[in-house]
file upload_9.cif (mmCIF, C-alpha atoms)
data_target
#
loop_
_atom_site.label_atom_id
_atom_site.label_comp_id
_atom_site.auth_asym_id
_atom_site.auth_seq_id
_atom_site.Cartn_x
_atom_site.Cartn_y
_atom_site.Cartn_z
CA MET W 1 131.05 46.82 -26.77
CA GLU W 2 132.40 43.91 -24.76
CA ILE W 3 134.13 46.28 -22.38
CA VAL W 4 131.00 48.38 -21.88
CA ALA W 5 128.92 45.26 -21.21
CA PHE W 6 131.50 43.89 -18.76
CA TYR W 7 131.74 47.10 -16.77
CA SER W 8 128.00 47.72 -16.66
CA PHE W 9 127.26 44.18 -15.46
CA ALA W 10 130.14 44.29 -12.96
CA VAL W 11 129.00 47.63 -11.51
CA LEU W 12 125.39 46.42 -11.39
CA THR W 13 126.44 43.22 -9.60
CA LEU W 14 128.51 45.03 -6.98
CA LEU W 15 125.94 47.78 -6.45
CA CYS W 16 123.08 45.32 -5.93
CA GLY W 17 125.35 43.19 -3.73
CA LEU W 18 126.00 46.24 -1.58
CA LEU W 19 122.28 46.96 -1.35
CA VAL W 20 121.68 43.36 -0.19
CA ILE W 21 123.84 43.81 2.88
CA ALA W 22 123.41 47.54 3.64
CA ASN W 23 120.37 49.30 2.27
CA PRO W 24 120.26 52.90 3.57
CA PHE W 25 116.46 53.16 3.24
CA THR W 26 115.12 49.98 4.75
CA ARG W 27 116.29 47.05 6.84
CA SER W 28 113.63 44.69 5.56
CA PRO W 29 114.89 41.20 4.58
CA VAL W 30 112.42 41.21 1.66
CA THR W 31 114.28 44.15 0.07
CA SER W 32 117.55 42.28 0.60
CA ALA W 33 116.10 39.23 -1.15
CA MET W 34 114.92 41.35 -4.09
CA PHE W 35 118.36 42.91 -4.50
CA LEU W 36 119.86 39.42 -4.27
CA VAL W 37 117.72 38.52 -7.31
CA LEU W 38 119.17 41.52 -9.19
CA THR W 39 122.71 40.54 -8.17
CA ILE W 40 122.17 37.02 -9.44
CA VAL W 41 120.66 38.18 -12.73
CA SER W 42 123.56 40.53 -13.40
CA LEU W 43 125.97 37.72 -12.51
CA ALA W 44 124.19 35.67 -15.15
CA GLY W 45 125.00 38.54 -17.53
CA LEU W 46 128.67 38.18 -16.62
CA PHE W 47 128.41 34.44 -17.25
CA ILE W 48 127.07 35.21 -20.74
CA GLN W 49 130.07 37.51 -21.25
CA LEU W 50 132.22 34.48 -20.38
CA HIS W 51 130.29 32.38 -22.93
CA ALA W 52 128.89 30.11 -20.21
CA PHE W 53 125.35 30.21 -21.59
CA PHE W 54 124.18 27.04 -19.89
CA LEU W 55 125.34 28.28 -16.50
CA ALA W 56 123.68 31.64 -17.06
CA ALA W 57 120.37 29.86 -17.66
CA ILE W 58 120.90 27.57 -14.66
CA GLN W 59 121.83 30.55 -12.52
CA ILE W 60 118.58 32.34 -13.31
CA LEU W 61 116.41 29.22 -13.10
CA VAL W 62 117.84 27.77 -9.89
CA TYR W 63 118.90 30.86 -7.95
CA ALA W 64 116.41 33.50 -9.01
CA GLY W 65 113.66 30.94 -9.60
CA ALA W 66 114.01 28.53 -6.69
CA VAL W 67 116.41 29.71 -4.01
CA ILE W 68 115.10 33.28 -3.71
CA VAL W 69 111.50 32.10 -3.79
CA LEU W 70 112.36 29.82 -0.87
CA PHE W 71 113.94 32.76 0.94
CA VAL W 72 110.90 34.96 0.37
CA PHE W 73 108.58 32.16 1.52
CA VAL W 74 110.50 31.81 4.78
CA ILE W 75 110.62 35.58 5.32
CA MET W 76 106.86 35.77 4.86
CA LEU W 77 106.38 32.75 7.13
CA LEU W 78 108.28 34.32 10.00
CA ASP W 79 107.00 37.54 11.51
CA LEU W 80 110.04 39.82 11.38
CA LYS W 81 108.52 43.20 12.17
CA ALA W 82 110.34 43.55 15.50
CA GLU W 83 113.66 42.63 13.96
CA GLU W 84 113.78 45.69 11.72
CA GLN W 85 113.95 48.10 14.63
CA ARG W 86 117.40 47.04 15.79
CA ARG W 87 120.42 49.17 14.97
CA ILE W 88 123.81 48.12 13.70
CA LYS W 89 126.52 49.20 16.12
CA ALA W 90 128.61 51.76 14.22
CA VAL W 91 131.92 50.88 15.90
CA MET W 92 131.55 47.18 15.19
CA ALA W 93 130.50 47.85 11.59
CA GLY W 94 133.53 50.11 11.14
CA LEU W 95 135.91 47.50 12.57
CA GLY W 96 134.39 44.76 10.42
CA GLY W 97 134.53 47.00 7.36
CA ALA W 98 138.20 47.79 7.99
CA ALA W 99 139.08 44.10 8.38
CA VAL W 100 137.20 43.13 5.21
CA ALA W 101 138.77 46.06 3.29
CA MET W 102 142.21 44.81 4.27
CA ILE W 103 141.36 41.29 3.10
CA ALA W 104 140.09 42.73 -0.21
CA TYR W 105 143.26 44.82 -0.60
CA ALA W 106 145.49 41.78 0.00
CA MET W 107 143.57 39.61 -2.49
CA ILE W 108 143.39 42.28 -5.23
CA ARG W 109 147.10 43.02 -4.79
CA THR W 110 147.89 39.33 -5.22
CA ILE W 111 145.74 39.15 -8.34
CA LYS W 112 147.38 42.25 -9.84
CA GLN W 113 150.86 40.88 -9.18
CA SER W 114 150.24 37.50 -10.75
CA ALA W 115 151.57 37.44 -14.30
CA ALA W 116 150.00 34.36 -15.82
CA PRO W 117 149.64 34.46 -19.62
CA PHE W 118 145.89 35.01 -19.68
CA SER W 119 144.77 34.44 -23.23
CA VAL W 120 141.26 34.58 -24.64
CA ALA W 121 139.56 31.22 -24.93
CA HIS W 122 139.94 28.93 -27.85
CA PRO W 123 137.12 29.26 -30.42
CA GLU W 124 136.61 25.51 -30.14
CA LEU W 125 134.87 26.04 -26.81
CA GLU W 126 132.47 28.69 -28.13
CA GLY W 127 128.85 27.75 -27.58
CA SER W 128 130.04 25.10 -25.18
CA THR W 129 126.67 23.83 -23.92
CA VAL W 130 126.86 20.64 -25.98
CA ILE W 131 130.35 19.87 -24.70
CA VAL W 132 129.37 20.64 -21.10
CA GLY W 133 126.40 18.27 -21.33
CA HIS W 134 128.54 15.56 -22.86
CA ARG W 135 131.20 15.91 -20.14
CA ILE W 136 128.62 15.83 -17.33
CA PHE W 137 127.18 12.52 -18.52
CA THR W 138 130.51 10.83 -19.38
CA GLN W 139 133.53 12.11 -17.50
CA TYR W 140 131.55 13.44 -14.52
CA ALA W 141 128.86 10.75 -14.42
CA VAL W 142 129.76 9.48 -10.91
CA PRO W 143 129.70 12.94 -9.23
CA PHE W 144 126.44 13.57 -11.04
CA GLU W 145 124.88 10.44 -9.51
CA VAL W 146 126.27 11.32 -6.08
CA LEU W 147 124.64 14.70 -6.49
CA SER W 148 121.23 13.09 -7.01
CA LEU W 149 121.78 11.17 -3.77
CA LEU W 150 122.69 14.43 -2.03
CA LEU W 151 119.47 16.04 -3.25
CA LEU W 152 117.49 13.07 -1.91
CA VAL W 153 119.21 13.38 1.48
CA ALA W 154 118.55 17.13 1.55
CA MET W 155 114.88 16.51 0.75
CA ILE W 156 114.50 13.94 3.54
CA GLY W 157 116.35 16.23 5.94
CA THR W 158 114.11 19.16 5.12
CA VAL W 159 110.95 17.11 5.63
CA LEU W 160 112.27 15.81 8.96
CA LEU W 161 113.29 19.26 10.18
CA SER W 162 109.96 20.76 9.21
CA LYS W 163 107.98 18.38 11.41
CA LYS W 164 106.18 20.02 14.29
CA ASP W 165 107.84 18.08 17.11
CA LEU W 166 111.56 17.62 16.55
CA LYS W 167 112.26 14.32 18.25
CA MET F 1 141.39 50.42 -23.29
CA SER F 2 142.52 46.86 -23.79
CA ALA F 3 140.36 43.76 -23.71
CA ILE F 4 138.93 42.32 -20.51
CA THR F 5 141.37 39.98 -18.80
CA LEU F 6 141.01 37.30 -16.17
CA GLN F 7 142.27 39.74 -13.56
CA ASP F 8 139.28 42.03 -14.10
CA TYR F 9 136.85 39.18 -13.49
CA LEU F 10 138.79 38.04 -10.44
CA VAL F 11 138.72 41.56 -8.99
CA VAL F 12 134.92 41.67 -9.39
CA SER F 13 134.75 38.25 -7.77
CA VAL F 14 136.93 39.34 -4.82
CA LEU F 15 134.86 42.49 -4.29
CA LEU F 16 131.62 40.51 -4.33
CA PHE F 17 133.09 37.97 -1.91
CA CYS F 18 134.14 40.76 0.44
CA LEU F 19 130.66 42.31 0.28
CA GLY F 20 129.25 38.95 1.35
CA LEU F 21 131.82 38.66 4.14
CA LEU F 22 130.98 42.17 5.32
CA GLY F 23 127.30 41.21 5.37
CA VAL F 24 128.03 38.15 7.49
CA ILE F 25 130.03 40.27 9.93
CA MET F 26 127.74 43.30 10.04
CA ARG F 27 124.16 42.09 9.86
CA ARG F 28 122.43 40.47 12.81
CA ASN F 29 119.41 38.93 11.10
CA ILE F 30 120.14 35.28 10.41
CA LEU F 31 118.23 35.37 7.10
CA VAL F 32 120.29 38.29 5.79
CA ILE F 33 123.46 36.51 6.95
CA TYR F 34 122.32 33.51 4.93
CA MET F 35 121.78 35.73 1.86
CA SER F 36 125.30 37.13 2.32
CA LEU F 37 126.60 33.55 2.32
CA GLU F 38 124.87 33.07 -1.02
CA LEU F 39 126.66 36.19 -2.30
CA MET F 40 130.02 34.69 -1.29
CA LEU F 41 129.15 31.42 -3.00
CA ASN F 42 128.25 33.31 -6.18
CA ALA F 43 131.55 35.19 -6.08
CA GLY F 44 133.34 31.84 -6.01
CA ASN F 45 131.25 30.69 -8.97
CA LEU F 46 132.24 33.78 -10.97
CA ALA F 47 135.93 33.16 -10.27
CA LEU F 48 135.60 29.53 -11.39
CA VAL F 49 133.77 30.36 -14.62
CA ALA F 50 136.27 33.12 -15.48
CA ALA F 51 139.26 30.84 -14.79
CA SER F 52 137.62 28.14 -16.88
CA ARG F 53 137.19 30.47 -19.86
CA PHE F 54 140.63 32.05 -19.78
CA ASN F 55 142.44 28.76 -19.22
CA ASN F 56 140.64 27.22 -22.15
CA ASN F 57 138.87 24.26 -20.55
CA LEU F 58 135.42 23.41 -19.21
CA HIS F 59 136.17 21.86 -15.82
CA GLY F 60 135.42 25.12 -14.03
CA GLN F 61 132.01 25.38 -15.66
CA ILE F 62 131.09 21.83 -14.67
CA MET F 63 132.32 22.52 -11.14
CA VAL F 64 130.00 25.54 -10.99
CA PHE F 65 127.12 23.36 -12.21
CA PHE F 66 127.73 21.06 -9.23
CA ILE F 67 128.17 23.99 -6.83
CA ILE F 68 124.83 25.51 -7.85
CA THR F 69 123.06 22.19 -7.22
CA VAL F 70 124.71 21.72 -3.83
CA ALA F 71 123.88 25.33 -2.94
CA ALA F 72 120.21 24.73 -3.71
CA ALA F 73 120.18 21.68 -1.42
CA GLU F 74 122.03 23.63 1.26
CA VAL F 75 119.55 26.50 1.12
CA ALA F 76 116.62 24.11 1.53
CA VAL F 77 118.13 22.44 4.61
CA GLY F 78 119.38 25.72 6.09
CA LEU F 79 116.04 27.45 5.77
CA ALA F 80 114.31 24.44 7.33
CA LEU F 81 116.72 24.77 10.25
CA ILE F 82 115.98 28.49 10.55
CA VAL F 83 112.23 27.83 10.56
CA ALA F 84 112.65 25.13 13.23
CA LEU F 85 114.79 27.53 15.28
CA TYR F 86 112.22 30.30 14.95
CA ARG F 87 109.47 27.95 16.15
CA ARG F 88 111.48 27.22 19.28
CA ARG F 89 112.88 30.66 20.10
CA GLN F 90 110.64 33.18 18.25
CA THR F 91 113.62 35.12 16.92
CA THR F 92 115.98 35.28 13.96
CA HIS F 93 118.35 37.71 15.65
CA VAL F 94 121.73 36.09 16.21
CA GLU F 95 122.45 37.95 19.44
CA ASP F 96 119.40 36.30 20.99
CA LEU F 97 120.73 32.87 20.02
CA ALA F 98 123.74 32.85 22.33
CA SER F 99 123.12 29.57 24.18
CA LEU F 100 123.74 26.09 22.82
CA LYS F 101 120.78 24.70 24.74
CA LEU F 102 117.40 25.12 23.09
#

call {"tool": "encode", "arguments": {"input": "upload_9.cif", "output": "structure tokens"}}
result
Amino acid sequence: MEIVAFYSFAVLTLLCGLLVIANPFTRSPVTSAMFLVLTIVSLAGLFIQLHAFFLAAIQILVYAGAVIVLFVFVIMLLDLKAEEQRRIKAVMAGLGGAAVAMIAYAMIRTIKQSAAPFSVAHPELEGSTVIVGHRIFTQYAVPFEVLSLLLLVAMIGTVLLSKKDLK
Amino acid sequence: MSAITLQDYLVVSVLLFCLGLLGVIMRRNILVIYMSLELMLNAGNLALVAASRFNNNLHGQIMVFFIITVAAAEVAVGLALIVALYRRRQTTHVEDLASLKL
């Protein structure tokens, strides 16, 4: 059961990821964004497999709920009809694909050769949302506060950049 | 078949990362390049969560919590930049954006 769930979510993630970058039927960025949603949701499924329930919820809420909506807003805001006509140069795509395939081969080979004693997690950490919350507000309290500052800076930056005359 | 190991998750993560990298190399629309960057970020998240589970601690999960928040902020600022760029140059095609001067 666990194996079936892992492989189905993994295949779904990779398939939708592939359709984000290279959809054979359409070049529209909206389709890419929709497949990005599917990728993120199936990644949330993998997170559930890893018993990271809190992160699975955050993943769906923040990525699928906020980030992709922002993407779709911007795509709709910009008129991208002319962009879809352009072709990808086959030679360049082939060269890029070969380079990336070699990188993937090197990394997977390294992973397969590593012989760390990978055990299954301790049952103490099952249903770990309570512990994660506790750690965030005690051990990681300072990074958490810095993060709120970062969000404030990002908000101010976005408002400034969105002004009509950038001066 | 045996149980799922850390290596299996890391292989999925590597493949997803390479898909994102391929998207950044291949596509010419700056918005799709940005989505591919998100894919790469998510691959890193998956590797961190898997390592966290199989090494029996929670630091990886908390790291991913922070990464997701920073990624949300980054997307907001990046998309604002893209909109500002589009207002100036009327394009999101990276080959048309070859000069440093606006």

call {"tool": "closest_residue", "arguments": {"input": "upload_9.cif", "among": "F:Leu15, F:Leu100, F:Ala50, F:Ala80", "to": "Ile156 in chain W", "atoms": "only C-alpha atoms"}}
result
F:Ala80

call {"tool": "axis_aligned_box", "arguments": {"input": "upload_9.cif", "around": "range 59-74 of chain F", "padding_each_side": "8 Å", "output": "AutoDock Vina command-line options"}}
result
--center_x 128.2 --center_y 23.3 --center_z -7.3 --size_x 32.0 --size_y 20.5 --size_z 33.1

call {"tool": "residues_around", "arguments": {"input": "upload_9.cif", "residues": "Thr92 in chain F", "least_positions_apart": "4", "cutoff": "7 Å", "atoms": "all atoms listed in the file", "output": "list in words"}}
result
Asn29, Ile30 and Tyr86 of chain F

call {"tool": "atom_distance", "arguments": {"input": "upload_9.cif", "atom1": "CA of Val41 in chain W", "atom2": "CA of Val130 in chain W"}}
result
22.8 Å

call {"tool": "resolve_selection", "arguments": {"input": "upload_9.cif", "expression": "the PyMOL selection byres ((chain F and resi 24) around 9)", "output": "MDAnalysis selection string"}}
result
(chainID W and resid 21) or (chainID F and resid 19:23 25:28 30 32:37)

call {"tool": "closest_residue", "arguments": {"input": "upload_9.cif", "among": "F:Ala51, F:Leu6, F:Leu31, F:Ile62", "to": "Ser28 in chain W", "atoms": "only C-alpha atoms"}}
result
F:Leu31

call {"tool": "closest_residue", "arguments": {"input": "upload_9.cif", "among": "F:Gly60, F:Tyr9, F:Phe54, F:Lys101", "to": "chain W", "atoms": "all atoms listed in the file"}}
result
F:Phe54

call {"tool": "atom_distance", "arguments": {"input": "upload_9.cif", "atom1": "CA of Leu18 in chain W", "atom2": "CA of Arg109 in chain W"}}
result
21.6 Å

call {"tool": "closest_residue", "arguments": {"input": "upload_9.cif", "among": "F:Ala72, F:Val64, F:Asn56, F:Ser13", "to": "Ala43 in chain F", "atoms": "all atoms listed in the file"}}
result
F:Ser13

call {"tool": "atom_distance", "arguments": {"input": "upload_9.cif", "atom1": "CA of Ser148 in chain W", "atom2": "CA of Asn57 in chain F"}}
result
24.9 Å

call {"tool": "residues_around", "arguments": {"input": "upload_9.cif", "residues": "Ala76 in chain F", "least_positions_apart": "6", "cutoff": "9 Å", "atoms": "only C-alpha atoms", "output": "list in words"}}
result
Val67, Leu70, Ala154, Met155 and Thr158 of chain W

call {"tool": "residues_near_point", "arguments": {"input": "upload_9.cif", "point": "(119.4, 39.1, -11.1)", "cutoff": "10 Å", "atoms": "all atoms listed in the file", "output": "PyMOL selection string"}}
result
chain W and resi 12-13+16+34-45+59-60+63-64

call {"tool": "resolve_selection", "arguments": {"input": "upload_9.cif", "expression": "the PyMOL selection byres ((chain F and resi 84) around 9)", "output": "count of residues only"}}
result
15

call {"tool": "closest_residue", "arguments": {"input": "upload_9.cif", "among": "F:Ile4, F:Val49, F:Ala98, F:Val77", "to": "Phe65 in chain F", "atoms": "all atoms listed in the file"}}
result
F:Val49

call {"tool": "resolve_selection", "arguments": {"input": "upload_9.cif", "expression": "the PyMOL selection byres ((chain W and resi 76) around 12)", "output": "list of chain:residue names"}}
result
W:Ser28, W:Pro29, W:Val30, W:Ala33, W:Val69, W:Leu70, W:Phe71, W:Val72, W:Phe73, W:Val74, W:Ile75, W:Leu77, W:Leu78, W:Asp79, W:Leu80, W:Lys81, F:Leu31, F:Val83

call {"tool": "closest_residue", "arguments": {"input": "upload_9.cif", "among": "F:Val75, F:Ala47, F:Ser99, F:Ile67", "to": "chain W", "atoms": "all atoms listed in the file"}}
result
F:Val75

call {"tool": "decode", "arguments": {"input": "upload_9.cif", "residues": "range 6-64 of chain F", "atoms": "C-alpha atoms", "output": "PDB file, in the first residue's frame"}}
result
ATOM      1  CA  LEU F   6      15.565   7.586   1.517  1.00  0.00           C
ATOM      2  CA  GLN F   7      17.303   6.925  -1.790  1.00  0.00           C
ATOM      3  CA  ASP F   8      13.968   6.569  -3.585  1.00  0.00           C
ATOM      4  CA  TYR F   9      12.796   9.950  -2.329  1.00  0.00           C
ATOM      5  CA  LEU F  10      16.122  11.545  -3.209  1.00  0.00           C
ATOM      6  CA  VAL F  11      15.940  10.141  -6.747  1.00  0.00           C
ATOM      7  CA  VAL F  12      12.474  11.678  -7.190  1.00  0.00           C
ATOM      8  CA  SER F  13      13.831  14.934  -5.816  1.00  0.00           C
ATOM      9  CA  VAL F  14      16.815  14.896  -8.209  1.00  0.00           C
ATOM     10  CA  LEU F  15      14.572  14.163 -11.196  1.00  0.00           C
ATOM     11  CA  LEU F  16      12.211  16.994 -10.269  1.00  0.00           C
ATOM     12  CA  PHE F  17      15.162  19.352  -9.788  1.00  0.00           C
ATOM     13  CA  CYS F  18      16.518  18.415 -13.210  1.00  0.00           C
ATOM     14  CA  LEU F  19      13.107  19.004 -14.808  1.00  0.00           C
ATOM     15  CA  GLY F  20      13.143  22.494 -13.312  1.00  0.00           C
ATOM     16  CA  LEU F  21      16.692  23.073 -14.532  1.00  0.00           C
ATOM     17  CA  LEU F  22      15.726  21.897 -18.012  1.00  0.00           C
ATOM     18  CA  GLY F  23      12.803  24.326 -17.961  1.00  0.00           C
ATOM     19  CA  VAL F  24      15.092  27.211 -17.028  1.00  0.00           C
ATOM     20  CA  ILE F  25      17.456  26.297 -19.864  1.00  0.00           C
ATOM     21  CA  MET F  26      14.858  25.494 -22.517  1.00  0.00           C
ATOM     22  CA  ARG F  27      11.971  27.906 -22.115  1.00  0.00           C
ATOM     23  CA  ARG F  28      12.206  31.530 -23.186  1.00  0.00           C
ATOM     24  CA  ASN F  29       9.170  32.987 -21.433  1.00  0.00           C
ATOM     25  CA  ILE F  30      10.304  34.597 -18.198  1.00  0.00           C
ATOM     26  CA  LEU F  31       7.121  33.521 -16.375  1.00  0.00           C
ATOM     27  CA  VAL F  32       7.630  29.855 -17.283  1.00  0.00           C
ATOM     28  CA  ILE F  33      11.286  30.166 -16.237  1.00  0.00           C
ATOM     29  CA  TYR F  34      10.053  31.471 -12.895  1.00  0.00           C
ATOM     30  CA  MET F  35       7.682  28.488 -12.554  1.00  0.00           C
ATOM     31  CA  SER F  36      10.603  26.155 -13.293  1.00  0.00           C
ATOM     32  CA  LEU F  37      12.527  27.845 -10.481  1.00  0.00           C
ATOM     33  CA  GLU F  38       9.605  27.029  -8.190  1.00  0.00           C
ATOM     34  CA  LEU F  39       9.864  23.392  -9.307  1.00  0.00           C
ATOM     35  CA  MET F  40      13.547  23.336  -8.331  1.00  0.00           C
ATOM     36  CA  LEU F  41      12.747  24.877  -4.959  1.00  0.00           C
ATOM     37  CA  ASN F  42      10.091  22.216  -4.362  1.00  0.00           C
ATOM     38  CA  ALA F  43      12.546  19.460  -5.245  1.00  0.00           C
ATOM     39  CA  GLY F  44      14.872  20.811  -2.562  1.00  0.00           C
ATOM     40  CA  ASN F  45      11.974  20.825  -0.098  1.00  0.00           C
ATOM     41  CA  LEU F  46      11.210  17.173  -0.849  1.00  0.00           C
ATOM     42  CA  ALA F  47      14.839  16.192  -0.251  1.00  0.00           C
ATOM     43  CA  LEU F  48      14.864  18.057   3.079  1.00  0.00           C
ATOM     44  CA  VAL F  49      11.617  16.496   4.324  1.00  0.00           C
ATOM     45  CA  ALA F  50      12.750  12.993   3.309  1.00  0.00           C
ATOM     46  CA  ALA F  51      16.145  13.435   5.000  1.00  0.00           C
ATOM     47  CA  SER F  52      14.384  14.758   8.083  1.00  0.00           C
ATOM     48  CA  ARG F  53      12.122  11.700   8.300  1.00  0.00           C
ATOM     49  CA  PHE F  54      14.765   9.061   7.676  1.00  0.00           C
ATOM     50  CA  ASN F  55      17.312  10.648   9.995  1.00  0.00           C
ATOM     51  CA  ASN F  56      14.763  10.799  12.767  1.00  0.00           C
ATOM     52  CA  ASN F  57      14.646  14.513  13.551  1.00  0.00           C
ATOM     53  CA  LEU F  58      12.489  17.524  12.709  1.00  0.00           C
ATOM     54  CA  HIS F  59      15.041  20.153  11.706  1.00  0.00           C
ATOM     55  CA  GLY F  60      14.482  19.450   8.015  1.00  0.00           C
ATOM     56  CA  GLN F  61      10.748  19.978   8.341  1.00  0.00           C
ATOM     57  CA  ILE F  62      11.204  23.310  10.114  1.00  0.00           C
ATOM     58  CA  MET F  63      13.733  24.330   7.460  1.00  0.00           C
ATOM     59  CA  VAL F  64      11.133  23.588   4.781  1.00  0.00           C
TER      60      VAL F  64
END
